[in-house]
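> Sharing target_20.txt, compact mmCIF, C-alpha atoms and all ligand atoms:
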# COMPACT_ATOMS: atom_id res chain seq x y z
CA MET B 1 -0.14 19.90 19.93
CA ARG B 2 0.62 21.67 16.70
CA ASP B 3 2.35 19.74 13.99
CA ASN B 4 4.66 22.42 12.69
CA ASP B 5 5.92 20.35 9.82
CA ALA B 6 2.43 19.96 8.43
CA THR B 7 1.54 23.65 8.76
CA ASP B 8 4.87 24.62 7.20
CA ILE B 9 4.14 22.38 4.24
CA ASP B 10 0.58 23.59 3.83
CA PRO B 11 -0.37 26.88 5.46
CA HIS B 12 -3.64 27.22 3.55
CA ARG B 13 -6.94 27.52 5.30
CA TYR B 14 -9.51 24.90 4.29
CA CYS B 15 -13.23 25.21 4.67
CA GLY B 16 -16.44 24.53 2.88
CA PHE B 17 -18.84 21.68 2.38
CA TYR B 18 -20.83 19.91 -0.26
CA THR B 19 -24.51 20.69 -0.44
CA GLN B 20 -26.87 17.74 -0.79
CA ALA B 21 -27.47 18.78 -4.41
CA GLN B 22 -23.74 18.72 -5.11
CA ILE B 23 -23.38 15.27 -3.54
CA ARG B 24 -26.25 13.99 -5.71
CA GLU B 25 -24.48 15.41 -8.75
CA VAL B 26 -21.21 13.64 -7.85
CA VAL B 27 -23.01 10.33 -7.22
CA ALA B 28 -24.86 10.60 -10.54
CA TYR B 29 -21.66 11.51 -12.41
CA ALA B 30 -19.98 8.40 -11.03
CA LYS B 31 -23.01 6.19 -11.69
CA ALA B 32 -23.11 7.23 -15.34
CA ARG B 33 -19.57 5.81 -15.52
CA TYR B 34 -20.46 2.58 -13.70
CA VAL B 35 -18.74 3.74 -10.50
CA THR B 36 -20.35 3.44 -7.06
CA ILE B 37 -19.15 5.94 -4.50
CA VAL B 38 -18.79 4.41 -1.04
CA PRO B 39 -18.94 7.17 1.57
CA GLU B 40 -16.75 6.90 4.66
CA ILE B 41 -17.93 8.38 7.93
CA GLU B 42 -15.09 7.81 10.39
CA MET B 43 -15.92 6.54 13.87
CA PRO B 44 -15.07 6.37 16.71
CA GLY B 45 -11.73 8.05 15.85
CA HIS B 46 -10.72 10.58 13.20
CA SER B 47 -13.76 12.53 14.33
CA ASP B 48 -12.16 15.82 15.38
CA ALA B 49 -14.34 17.98 13.18
CA ALA B 50 -17.55 16.67 14.76
CA VAL B 51 -16.09 16.87 18.29
CA ALA B 52 -14.92 20.45 17.69
CA ALA B 53 -18.46 21.38 16.61
CA TYR B 54 -20.25 19.37 19.34
CA PRO B 55 -17.93 18.83 22.35
CA TRP B 56 -20.53 16.57 24.04
CA LEU B 57 -19.74 13.90 21.46
CA SER B 58 -16.47 13.14 23.29
CA CYS B 59 -16.23 11.61 26.76
CA GLY B 60 -14.23 14.56 28.13
CA GLY B 61 -16.70 17.02 26.67
CA GLU B 62 -14.13 19.81 26.54
CA ARG B 63 -14.17 22.36 23.78
CA ILE B 64 -11.34 21.75 21.31
CA GLY B 65 -10.24 23.97 18.48
CA VAL B 66 -10.79 23.08 14.86
CA ARG B 67 -7.91 20.86 13.81
CA GLU B 68 -5.44 22.55 11.49
CA THR B 69 -3.24 19.63 10.51
CA TRP B 70 -3.58 15.99 9.59
CA GLY B 71 -2.80 13.09 11.90
CA VAL B 72 -4.37 10.97 14.62
CA SER B 73 -6.32 12.67 17.43
CA GLU B 74 -7.13 11.51 20.95
CA HIS B 75 -10.50 13.25 20.77
CA ILE B 76 -12.92 10.52 19.78
CA TYR B 77 -16.61 9.76 20.06
CA CYS B 78 -17.89 8.65 23.46
CA PRO B 79 -20.13 5.57 23.28
CA THR B 80 -23.21 7.24 24.83
CA ASP B 81 -26.78 6.90 23.61
CA ARG B 82 -26.69 10.56 22.65
CA THR B 83 -23.63 9.96 20.45
CA PHE B 84 -25.28 6.94 18.80
CA THR B 85 -28.40 8.98 18.07
CA PHE B 86 -26.22 11.66 16.48
CA LEU B 87 -24.36 9.10 14.36
CA GLU B 88 -27.56 7.35 13.34
CA ASN B 89 -28.93 10.69 12.17
CA VAL B 90 -25.75 11.35 10.20
CA LEU B 91 -25.83 7.87 8.67
CA THR B 92 -29.51 8.25 7.78
CA GLU B 93 -28.69 11.40 5.84
CA VAL B 94 -25.70 9.68 4.26
CA MET B 95 -27.82 6.68 3.20
CA THR B 96 -30.33 9.04 1.61
CA LEU B 97 -27.61 10.62 -0.50
CA PHE B 98 -25.49 7.56 -1.32
CA PRO B 99 -27.21 4.49 -2.78
CA SER B 100 -24.09 2.36 -2.14
CA VAL B 101 -24.86 -0.89 -0.33
CA TYR B 102 -21.55 -0.49 1.52
CA ILE B 103 -21.16 2.30 4.04
CA HIS B 104 -17.59 2.72 5.28
CA THR B 105 -17.38 3.55 8.98
CA GLY B 106 -13.62 3.88 9.33
CA GLY B 107 -12.59 2.38 12.65
CA ASP B 108 -8.85 2.91 12.18
CA GLU B 109 -6.35 4.62 14.44
CA VAL B 110 -8.43 5.02 17.60
CA PRO B 111 -6.40 6.13 20.66
CA LYS B 112 -8.39 4.97 23.69
CA ALA B 113 -6.98 7.45 26.28
CA GLU B 114 -10.25 9.40 26.63
CA TRP B 115 -12.20 6.18 27.13
CA GLU B 116 -9.70 5.02 29.76
CA ARG B 117 -10.44 8.18 31.79
CA SER B 118 -14.20 8.03 31.35
CA SER B 119 -16.61 6.84 34.05
CA VAL B 120 -19.30 6.57 31.35
CA VAL B 121 -17.11 4.05 29.50
CA HIS B 122 -16.31 2.17 32.71
CA GLN B 123 -20.04 1.83 33.46
CA LEU B 124 -20.64 0.59 29.93
CA MET B 125 -17.86 -1.98 30.29
CA ALA B 126 -19.38 -3.30 33.52
CA ARG B 127 -22.91 -3.41 32.06
CA GLU B 128 -21.92 -5.05 28.76
CA HIS B 129 -19.11 -7.24 30.18
CA LEU B 130 -16.47 -5.64 27.98
CA ALA B 131 -13.02 -6.80 29.09
CA ASN B 132 -10.93 -4.02 27.55
CA TYR B 133 -11.07 -0.87 25.43
CA ASP B 134 -10.79 -2.73 22.13
CA ALA B 135 -13.95 -4.54 23.22
CA VAL B 136 -15.58 -1.14 23.75
CA GLN B 137 -14.80 -0.33 20.13
CA GLY B 138 -16.26 -3.74 19.25
CA TYR B 139 -19.49 -2.77 21.04
CA PHE B 140 -19.46 0.54 19.17
CA ASP B 141 -18.91 -1.11 15.79
CA ARG B 142 -21.50 -3.85 16.32
CA ARG B 143 -24.14 -1.31 17.32
CA ILE B 144 -23.51 0.76 14.20
CA GLU B 145 -23.37 -2.36 12.03
CA ALA B 146 -26.77 -3.49 13.30
CA PHE B 147 -28.18 -0.04 12.48
CA LEU B 148 -26.82 -0.16 8.94
CA ARG B 149 -28.03 -3.73 8.44
CA ALA B 150 -31.53 -2.77 9.63
CA HIS B 151 -31.51 -0.23 6.80
CA GLY B 152 -30.43 -2.72 4.16
CA ARG B 153 -26.80 -1.57 4.07
CA ARG B 154 -23.50 -3.28 4.83
CA MET B 155 -20.73 -2.01 7.04
CA ILE B 156 -17.20 -1.89 5.73
CA GLY B 157 -14.37 -0.79 8.03
CA TRP B 158 -10.58 -0.70 8.40
CA ASP B 159 -8.98 -3.80 9.85
CA GLU B 160 -8.80 -2.43 13.41
CA ILE B 161 -12.51 -3.29 13.71
CA LEU B 162 -11.43 -6.92 13.92
CA ASP B 163 -9.76 -6.32 17.27
CA GLY B 164 -12.89 -5.65 19.26
CA GLY B 165 -14.93 -8.42 17.68
CA VAL B 166 -17.28 -7.46 14.90
CA THR B 167 -20.08 -9.40 13.25
CA GLN B 168 -18.93 -11.67 10.42
CA SER B 169 -21.14 -9.82 7.96
CA ALA B 170 -18.95 -6.72 8.33
CA THR B 171 -16.52 -6.31 5.46
CA ILE B 172 -12.90 -5.65 6.34
CA MET B 173 -10.57 -3.34 4.47
CA ALA B 174 -7.07 -4.53 5.35
CA TRP B 175 -4.66 -1.61 5.34
CA GLN B 176 -2.03 -2.28 8.03
CA ASN B 177 -0.49 -5.21 6.17
CA THR B 178 -1.38 -8.30 4.17
CA GLU B 179 -1.38 -10.52 7.28
CA ARG B 180 -4.28 -8.50 8.72
CA GLY B 181 -6.23 -9.29 5.55
CA ILE B 182 -5.44 -12.99 5.82
CA LYS B 183 -6.61 -12.91 9.45
CA ALA B 184 -9.88 -11.28 8.37
CA ILE B 185 -10.43 -13.83 5.60
CA ARG B 186 -9.77 -16.72 8.02
CA ALA B 187 -12.28 -15.20 10.43
CA GLY B 188 -14.87 -15.38 7.64
CA HIS B 189 -15.11 -11.69 6.73
CA PRO B 190 -15.47 -10.47 3.16
CA THR B 191 -12.11 -8.69 2.82
CA VAL B 192 -10.70 -6.00 0.56
CA MET B 193 -6.91 -5.69 0.41
CA SER B 194 -5.25 -2.26 0.47
CA PRO B 195 -1.96 -2.86 2.29
CA ASP B 196 0.14 0.15 3.21
CA GLY B 197 3.47 0.15 1.41
CA LEU B 198 2.17 -1.58 -1.70
CA LEU B 199 -1.23 -0.13 -2.49
CA TYR B 200 -0.84 3.31 -0.90
CA PHE B 201 -0.57 5.71 -3.78
CA ASP B 202 0.51 8.60 -1.58
CA ALA B 203 3.95 6.93 -1.46
CA LEU B 204 6.61 8.31 -3.79
CA GLN B 205 7.21 6.74 -7.20
CA GLY B 206 10.91 7.52 -7.37
CA ASP B 207 13.72 9.29 -5.60
CA GLU B 208 12.46 11.98 -3.21
CA ASN B 209 14.79 14.52 -4.81
CA ASP B 210 13.11 14.01 -8.19
CA GLU B 211 9.51 13.73 -7.02
CA PRO B 212 6.96 16.25 -5.80
CA LEU B 213 6.69 16.56 -2.02
CA GLY B 214 4.95 13.50 -0.65
CA ILE B 215 4.66 11.26 2.35
CA GLY B 216 7.84 9.31 1.46
CA GLY B 217 8.45 5.62 0.89
CA LEU B 218 8.65 4.09 -2.54
CA THR B 219 5.92 2.28 -4.44
CA THR B 220 6.62 1.63 -8.10
CA PRO B 221 4.16 0.29 -10.66
CA GLN B 222 6.23 -2.93 -10.67
CA MET B 223 5.65 -3.29 -6.93
CA VAL B 224 1.91 -2.75 -7.36
CA TYR B 225 1.84 -5.21 -10.22
CA GLY B 226 3.69 -7.78 -8.11
CA PHE B 227 1.04 -7.74 -5.36
CA VAL B 228 -0.69 -11.11 -5.14
CA PRO B 229 -4.00 -10.82 -3.25
CA PRO B 230 -4.45 -13.64 -0.74
CA ALA B 231 -6.91 -16.38 -1.69
CA GLY B 232 -10.42 -15.46 -0.67
CA ALA B 233 -10.02 -11.67 -0.86
CA ILE B 234 -13.04 -10.12 -2.57
CA GLY B 235 -11.09 -7.20 -4.04
CA ILE B 236 -8.22 -4.77 -3.85
CA GLN B 237 -8.04 -1.02 -3.45
CA GLY B 238 -5.40 1.66 -3.98
CA ASN B 239 -5.45 4.42 -1.34
CA LEU B 240 -4.55 7.93 -2.35
CA TRP B 241 -4.74 10.21 0.70
CA THR B 242 -4.58 13.82 -0.33
CA GLU B 243 -2.63 15.59 2.42
CA TYR B 244 0.18 16.22 -0.06
CA ILE B 245 -1.97 16.62 -3.16
CA PRO B 246 -2.62 20.31 -3.89
CA THR B 247 -3.91 20.00 -7.46
CA PRO B 248 -5.84 17.59 -9.72
CA HIS B 249 -2.68 17.41 -11.85
CA GLN B 250 -0.74 15.94 -8.94
CA LEU B 251 -3.61 13.63 -8.09
CA PHE B 252 -3.39 12.03 -11.52
CA TYR B 253 0.41 12.03 -11.35
CA MET B 254 0.19 9.92 -8.20
CA LEU B 255 -2.55 7.65 -9.52
CA LEU B 256 -1.08 6.98 -12.93
CA PRO B 257 0.39 4.64 -13.96
CA ARG B 258 0.09 2.76 -10.65
CA LEU B 259 -3.70 2.57 -10.95
CA MET B 260 -3.28 0.77 -14.29
CA ALA B 261 -1.15 -1.90 -12.59
CA LEU B 262 -3.72 -2.18 -9.77
CA ALA B 263 -6.54 -2.66 -12.29
CA ASP B 264 -4.59 -5.41 -14.03
CA VAL B 265 -4.01 -7.22 -10.72
CA ALA B 266 -7.72 -6.94 -9.92
CA TRP B 267 -9.00 -8.03 -13.31
CA SER B 268 -6.61 -10.72 -14.48
CA ASP B 269 -5.70 -13.98 -12.84
CA GLU B 270 -2.40 -14.23 -14.70
CA ARG B 271 -0.04 -16.49 -12.70
CA PRO B 272 2.82 -16.05 -12.41
CA ARG B 273 2.57 -12.33 -13.02
CA ALA B 274 4.92 -11.24 -15.79
CA TRP B 275 5.86 -7.56 -15.76
CA ALA B 276 7.27 -7.55 -19.31
CA ALA B 277 4.01 -8.88 -20.77
CA TYR B 278 2.00 -6.42 -18.70
CA ALA B 279 4.21 -3.49 -19.76
CA GLN B 280 3.55 -4.45 -23.38
CA ARG B 281 -0.21 -4.48 -22.75
CA ALA B 282 -0.03 -1.18 -20.87
CA GLY B 283 1.60 0.53 -23.84
CA ALA B 284 -1.66 1.33 -25.56
CA GLN B 285 -2.91 2.85 -22.34
CA TYR B 286 -0.17 5.52 -22.25
CA ALA B 287 -1.17 6.61 -25.73
CA TRP B 288 -4.78 6.84 -24.53
CA LEU B 289 -3.81 8.86 -21.44
CA THR B 290 -1.75 11.25 -23.56
CA ARG B 291 -4.54 11.64 -26.12
CA HIS B 292 -7.04 12.47 -23.38
CA GLY B 293 -4.70 14.84 -21.55
CA TYR B 294 -4.32 12.86 -18.33
CA PRO B 295 -1.12 13.73 -16.46
CA PHE B 296 0.85 10.66 -15.53
CA ARG B 297 4.27 9.95 -14.12
CA ILE B 298 6.47 8.91 -17.00
CA PRO B 299 8.09 5.67 -15.86
CA ASN B 300 11.84 6.05 -15.83
CA PRO B 301 13.76 3.51 -17.91
CA SER B 302 15.12 0.37 -16.30
CA PHE B 303 18.33 -1.51 -17.04
CA THR B 304 18.96 -5.17 -17.78
CA LEU B 305 22.49 -6.52 -17.75
CA ALA B 306 23.83 -9.63 -19.46
CA ALA B 307 27.23 -11.03 -18.50
CA ASP B 308 29.14 -14.33 -18.62
CA THR B 309 28.95 -14.62 -14.86
CA ALA B 310 26.30 -13.69 -12.34
CA VAL B 311 25.45 -10.04 -11.74
CA SER B 312 24.38 -8.97 -8.28
CA TYR B 313 22.24 -5.89 -7.86
CA ALA B 314 21.67 -3.50 -5.00
CA ASN B 315 19.51 -0.41 -4.74
CA VAL B 316 21.37 2.66 -3.64
CA SER B 317 19.00 5.21 -2.22
CA SER B 318 20.70 8.37 -3.33
CA SER B 319 19.47 10.73 -5.99
CA PRO B 320 18.82 9.71 -8.63
CA ARG B 321 17.76 6.31 -7.41
CA THR B 322 20.68 4.23 -8.53
CA VAL B 323 20.95 0.52 -9.18
CA SER B 324 24.41 -0.75 -8.43
CA ALA B 325 25.59 -3.87 -10.28
CA LEU B 326 28.61 -6.03 -9.45
CA THR B 327 30.03 -8.81 -11.62
CA SER B 328 33.26 -10.71 -12.13
CA SER B 329 32.84 -10.62 -15.93
CA ALA B 330 35.18 -8.52 -18.03
CA GLN B 331 32.26 -7.28 -20.10
CA VAL B 332 28.55 -6.66 -19.62
CA THR B 333 25.86 -5.93 -22.16
CA VAL B 334 23.47 -3.19 -21.08
CA SER B 335 19.88 -3.06 -22.29
CA ILE B 336 17.76 -0.06 -21.41
CA ASN B 337 14.07 -0.80 -21.21
CA ASP B 338 11.26 1.62 -21.51
CA ASP B 339 7.65 1.04 -20.56
CA VAL B 340 6.20 3.76 -22.77
CA PRO B 341 6.07 2.76 -26.43
CA GLY B 342 6.94 5.64 -28.72
CA ALA B 343 9.27 7.27 -26.21
CA THR B 344 12.93 7.81 -27.04
CA ILE B 345 15.49 6.76 -24.45
CA ARG B 346 18.36 9.23 -24.10
CA TYR B 347 21.44 8.23 -22.16
CA THR B 348 24.88 9.27 -20.98
CA LEU B 349 27.97 7.31 -19.95
CA ASP B 350 29.75 10.06 -18.03
CA GLY B 351 27.49 10.28 -14.99
CA SER B 352 25.72 13.43 -16.19
CA THR B 353 21.93 13.70 -16.32
CA PRO B 354 20.72 13.06 -19.88
CA THR B 355 18.80 15.75 -21.73
CA ALA B 356 16.53 15.65 -24.77
CA THR B 357 19.63 16.00 -26.97
CA SER B 358 21.79 13.26 -25.38
CA PRO B 359 22.50 10.22 -27.57
CA ALA B 360 19.44 8.10 -28.32
CA TYR B 361 19.52 4.49 -27.23
CA THR B 362 18.84 2.14 -30.13
CA ALA B 363 20.34 -1.22 -29.19
CA PRO B 364 22.06 -2.99 -26.29
CA PHE B 365 25.70 -1.99 -25.90
CA ALA B 366 28.76 -3.48 -24.22
CA LEU B 367 30.75 -2.04 -21.36
CA GLN B 368 34.33 -3.27 -20.86
CA LEU B 369 35.07 -3.87 -17.21
CA ASP B 370 38.68 -4.88 -17.57
CA SER B 371 39.96 -1.67 -16.08
CA ALA B 372 39.48 -0.82 -12.43
CA GLN B 373 37.19 1.97 -13.52
CA ALA B 374 33.46 1.82 -12.70
CA HIS B 375 30.81 2.86 -15.21
CA ASP B 376 27.85 5.12 -14.61
CA VAL B 377 25.02 4.95 -17.11
CA MET B 378 22.11 7.35 -16.88
CA ALA B 379 18.93 7.29 -18.93
CA VAL B 380 15.69 9.19 -19.36
CA ALA B 381 12.58 8.53 -21.44
CA VAL B 382 11.50 11.38 -23.69
CA LEU B 383 7.91 11.27 -24.94
CA PRO B 384 7.01 12.35 -28.49
CA ASP B 385 5.57 15.59 -27.06
CA GLY B 386 8.90 16.40 -25.36
CA ARG B 387 7.96 15.47 -21.80
CA ILE B 388 10.87 13.84 -20.05
CA SER B 389 11.05 11.29 -17.24
CA THR B 390 13.16 11.54 -14.10
CA PRO B 391 16.59 9.95 -14.60
CA SER B 392 17.52 6.36 -13.85
CA ALA B 393 21.09 5.56 -12.95
CA LEU B 394 23.16 2.40 -13.16
CA HIS B 395 26.52 1.98 -11.49
CA VAL B 396 28.49 -1.02 -12.82
CA GLU B 397 31.62 -2.35 -11.22
CA ARG B 398 33.82 -5.43 -11.61
CA ARG B 399 34.63 -7.09 -8.34
C1 LIG W 401 -5.38 4.32 7.19
O1 LIG W 401 -4.46 4.52 6.38
N1 LIG W 401 -5.34 4.83 8.41
C2 LIG W 401 -6.54 3.54 6.81
Show the structure stored in the file as structure tokens.


Amino acid sequence: MRDNDATDIDPHRYCGFYTQAQIREVVAYAKARYVTIVPEIEMPGHSDAAVAAYPWLSCGGERIGVRETWGVSEHIYCPTDRTFTFLENVLTEVMTLFPSVYIHTGGDEVPKAEWERSSVVHQLMAREHLANYDAVQGYFDRRIEAFLRAHGRRMIGWDEILDGGVTQSATIMAWQNTERGIKAIRAGHPTVMSPDGLLYFDALQGDENDEPLGIGGLTTPQMVYGFVPPAGAIGIQGNLWTEYIPTPHQLFYMLLPRLMALADVAWSDERPRAWAAYAQRAGAQYAWLTRHGYPFRIPNPSFTLAADTAVSYANVSSSPRTVSALTSSAQVTVSINDDVPGATIRYTLDGSTPTATSPAYTAPFALQLDSAQAHDVMAVAVLPDGRISTPSALHVERR
């Protein structure tokens, strides 16, 4: 089935490949910067390209067209000896090119419909005493893991590989949620945390009307910074899938500054985590990014309110992303906070979007709430080079 949305968004034709020489160059470039590239060869699902080229790799064996859009496919590898030989040959070539001890074998999002229809799979289940189709994936994963181990490498796979039973020496990358990671840790697996929703950097960083086209959701640097890896996790990872990333500029825009927050979570054991202290530390990093010409999303300012009585807050998901504050006090003091040292905060009090010439914020100010009238404060951060953040909005009301 064609996914019209995806082809509407991106009608471009993709093709090409890396030569072995180019891969060696990439690996060496990373190594010179103390980075190890872990290759991922997806199996048994997300394997449409291979199945389109060699239909006998799937249980149905039918010829399928080259996939034109992203998503999950029902066409998956069939667990035959011929398939395993193919994959072992691929992995042998991969191991020659990538010195990484870890080889990622995917394992996520595997619809089992083709296996359910396959007499080859049914025979395998009878022979190997596999009770269900997850167990067939377990057989698949264990066989590949043994092959990698025999070659001095270690398998790492997405957390679905837990479901079919995989050897404890396999490392789990927990993506579906944090609980899956905790389950993996309890089962004795080395586990890397990359939960969707918090550490997926393809999510938007602000209101969808202000942001480049993306997959949706909302993941702010504060949310990333607030992630507490479960005890026993060996590491964390941010995932930036590139379906919606047409240029290197946008790649960096999505990575930064969230990647900085991720690095801080990984490297420091600060407890409890304190955003204000982190934001202070991160300041120098923005100057570095600017100096070196890295595009980054300029964090929009945030608001802090002080009042005689409690203030309750709610997020209102309209554009711009608005924080709504309610209080019984007759007056509130508004502070506007900026995470980028050296930036000027510009603001308005009439609900209009601030520009580079709106009044500059210099100190907290008071809003009188004794009338029935609500107040709308909007703010942007303007960098010394004139770049301007998306707007933040605050709606204050006395109740
Ligand atoms: C994943 O996002 N399917 C790992």

> Give, as lines of an AutoDock Vina configuration file, the centre coordinates and the x, y and z edge lengths in Å to one decimal for an axis-aligned box around all listed atoms of region 136-150 of chain B, padded by 4 Å on each side.


center_x = -23.2
center_y = -1.5
center_z = 16.1
size_x = 24.7
size_y = 12.6
size_z = 23.3

> For each of B:Thr171, B:Gln285, B:Asn239, B:Thr348, take the minimum atom-to-atom distance to Ala184 (chain B), counting only C-alpha atoms, then give the residue where this is smallest.

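Counting only C-alpha atoms, the residue closest to Ala184 (chain B) is B:Thr171.
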
> In Å, how far is it from CA of Gln22 (chain B) to CA of Ile41 (chain B)?

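A separation of 17.6 Å between them.
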
> For ligand LIG 401 (chain W), which of B:Tyr18, B:Tyr34, B:Asn177, B:Glu114 is the closest residue, counting all atoms listed in the file?

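The answer is B:Asn177, which sits nearest to ligand LIG 401 (chain W).
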
> Write out as a PyMOL selection string each polymer residue (protein, DNA or RNA) that has an atom no more than 9 Å from ligand LIG 401 (chain W), with all atoms listed in the file counted.

chain B and resi 72+106-109+158-159+173-176+194-196+200+239+241

> Determine, counting only C-alpha atoms, which protein, DNA and RNA residues have an atom within 6 Å of an atom of region 306-312 of chain B; residues of the same chain fewer than 3 positions away are not included. Present the result as a list in words.

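Listing them by chain and then by number gives Ala325, Leu326, Thr327, Ser329, Val332 and Thr333 of chain B.
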
> How would you write as a list in words the residues that get within 10 Å of (-25.8, -1.2, -0.5) in the file's frame, counting all atoms listed in the file?

Thr36, Val38, Met95, Phe98, Pro99, Ser100, Val101, Tyr102, Ile103, Leu148, Arg149, His151, Gly152, Arg153, Arg154 and Met155 of chain B

> Next, dump the selected residues to file, keeping only C-alpha atoms, as a PDB file, in the coordinates of the input.


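Output contents, as saved in out08.pdb:
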ATOM      1  CA  THR B  36     -20.350   3.440  -7.060  1.00  0.00           C
ATOM      2  CA  VAL B  38     -18.790   4.410  -1.040  1.00  0.00           C
ATOM      3  CA  MET B  95     -27.820   6.680   3.200  1.00  0.00           C
ATOM      4  CA  PHE B  98     -25.490   7.560  -1.320  1.00  0.00           C
ATOM      5  CA  PRO B  99     -27.210   4.490  -2.780  1.00  0.00           C
ATOM      6  CA  SER B 100     -24.090   2.360  -2.140  1.00  0.00           C
ATOM      7  CA  VAL B 101     -24.860  -0.890  -0.330  1.00  0.00           C
ATOM      8  CA  TYR B 102     -21.550  -0.490   1.520  1.00  0.00           C
ATOM      9  CA  ILE B 103     -21.160   2.300   4.040  1.00  0.00           C
ATOM     10  CA  LEU B 148     -26.820  -0.160   8.940  1.00  0.00           C
ATOM     11  CA  ARG B 149     -28.030  -3.730   8.440  1.00  0.00           C
ATOM     12  CA  HIS B 151     -31.510  -0.230   6.800  1.00  0.00           C
ATOM     13  CA  GLY B 152     -30.430  -2.720   4.160  1.00  0.00           C
ATOM     14  CA  ARG B 153     -26.800  -1.570   4.070  1.00  0.00           C
ATOM     15  CA  ARG B 154     -23.500  -3.280   4.830  1.00  0.00           C
ATOM     16  CA  MET B 155     -20.730  -2.010   7.040  1.00  0.00           C
TER      17      MET B 155
END

> Check the smallest atom-to-atom distance from each of B:Leu57, B:Val340, B:Ala21, B:Ala135 to Ile76 (chain B) using all atoms listed in the file, then report the winner.

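Closest candidate: B:Leu57.
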
> Under the rule that all atoms listed in the file are counted, which of B:Arg387, B:Ala150, B:Ser324, B:Val265 is the nearest residue to Phe296 (chain B)?

B:Arg387

> Hey, what's within 12 Å of Ala284 (chain B) if we count only C-alpha atoms and toss same-chain stuff fewer than 3 positions away? As a JSON list (two decimals) with C-alpha atoms, keeping the file's coordinate frame, please?


[["chain", "number", "residue", "atom", "x", "y", "z"],
["B", 260, "MET", "CA", -3.28, 0.77, -14.29],
["B", 278, "TYR", "CA", 2.00, -6.42, -18.70],
["B", 279, "ALA", "CA", 4.21, -3.49, -19.76],
["B", 280, "GLN", "CA", 3.55, -4.45, -23.38],
["B", 281, "ARG", "CA", -0.21, -4.48, -22.75],
["B", 287, "ALA", "CA", -1.17, 6.61, -25.73],
["B", 288, "TRP", "CA", -4.78, 6.84, -24.53],
["B", 289, "LEU", "CA", -3.81, 8.86, -21.44],
["B", 290, "THR", "CA", -1.75, 11.25, -23.56],
["B", 291, "ARG", "CA", -4.54, 11.64, -26.12],
["B", 339, "ASP", "CA", 7.65, 1.04, -20.56],
["B", 340, "VAL", "CA", 6.20, 3.76, -22.77],
["B", 341, "PRO", "CA", 6.07, 2.76, -26.43],
["B", 342, "GLY", "CA", 6.94, 5.64, -28.72]]

> Counting all atoms listed in the file, which of B:Glu40, B:Glu145, B:Glu62, B:Glu68 gets nearest to Glu88 (chain B)?

B:Glu145

> The residues within 10 Å of (-14.3, -10.1, 14.6), using only C-alpha atoms and the coordinates of the file, should be reported as a JSON list (two decimals) with C-alpha atoms, keeping the file's coordinate frame; which are they?


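After the write, result.json holds the following:
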[["chain", "number", "residue", "atom", "x", "y", "z"],
["B", 138, "GLY", "CA", -16.26, -3.74, 19.25],
["B", 142, "ARG", "CA", -21.50, -3.85, 16.32],
["B", 159, "ASP", "CA", -8.98, -3.80, 9.85],
["B", 160, "GLU", "CA", -8.80, -2.43, 13.41],
["B", 161, "ILE", "CA", -12.51, -3.29, 13.71],
["B", 162, "LEU", "CA", -11.43, -6.92, 13.92],
["B", 163, "ASP", "CA", -9.76, -6.32, 17.27],
["B", 164, "GLY", "CA", -12.89, -5.65, 19.26],
["B", 165, "GLY", "CA", -14.93, -8.42, 17.68],
["B", 166, "VAL", "CA", -17.28, -7.46, 14.90],
["B", 167, "THR", "CA", -20.08, -9.40, 13.25],
["B", 168, "GLN", "CA", -18.93, -11.67, 10.42],
["B", 169, "SER", "CA", -21.14, -9.82, 7.96],
["B", 170, "ALA", "CA", -18.95, -6.72, 8.33],
["B", 172, "ILE", "CA", -12.90, -5.65, 6.34],
["B", 183, "LYS", "CA", -6.61, -12.91, 9.45],
["B", 184, "ALA", "CA", -9.88, -11.28, 8.37],
["B", 187, "ALA", "CA", -12.28, -15.20, 10.43],
["B", 188, "GLY", "CA", -14.87, -15.38, 7.64],
["B", 189, "HIS", "CA", -15.11, -11.69, 6.73]]

> Which is closer to Val382 (chain B) than all the others in B:Pro354, B:Pro364, B:Pro248, B:Gly61, using all atoms listed in the file?

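Closest residue, counting all atoms listed in the file: B:Pro354.
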
> I'd like the interatomic distance between CA of Gly238 (chain B) and CA of Arg258 (chain B), to a tenth of an Å.

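It comes out at 8.7 Å.
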
> Near Asp370 (chain B), counting only C-alpha atoms, which residues have an atom at most 8 Å away, once you skip same-chain residues fewer than 2 positions from it, shown as a PyMOL selection string?

chain B and resi 330-331+368+372+398

> Report the distance between CA of Arg180 (chain B) and CA of Gly232 (chain B) in Å, rounded to one decimal place.

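Computing the Euclidean distance for CA of Arg180 (chain B) and CA of Gly232 (chain B) yields 13.2 Å.
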
> List the spatial neighbours of Ala393 (chain B) as a ChimeraX atom specification - criterion: any atom at most 10 Å away, all atoms listed in the file, same-chain residues fewer than 4 positions off excluded.

/B:300-303,316,319-324,347-349,351-353,376-380
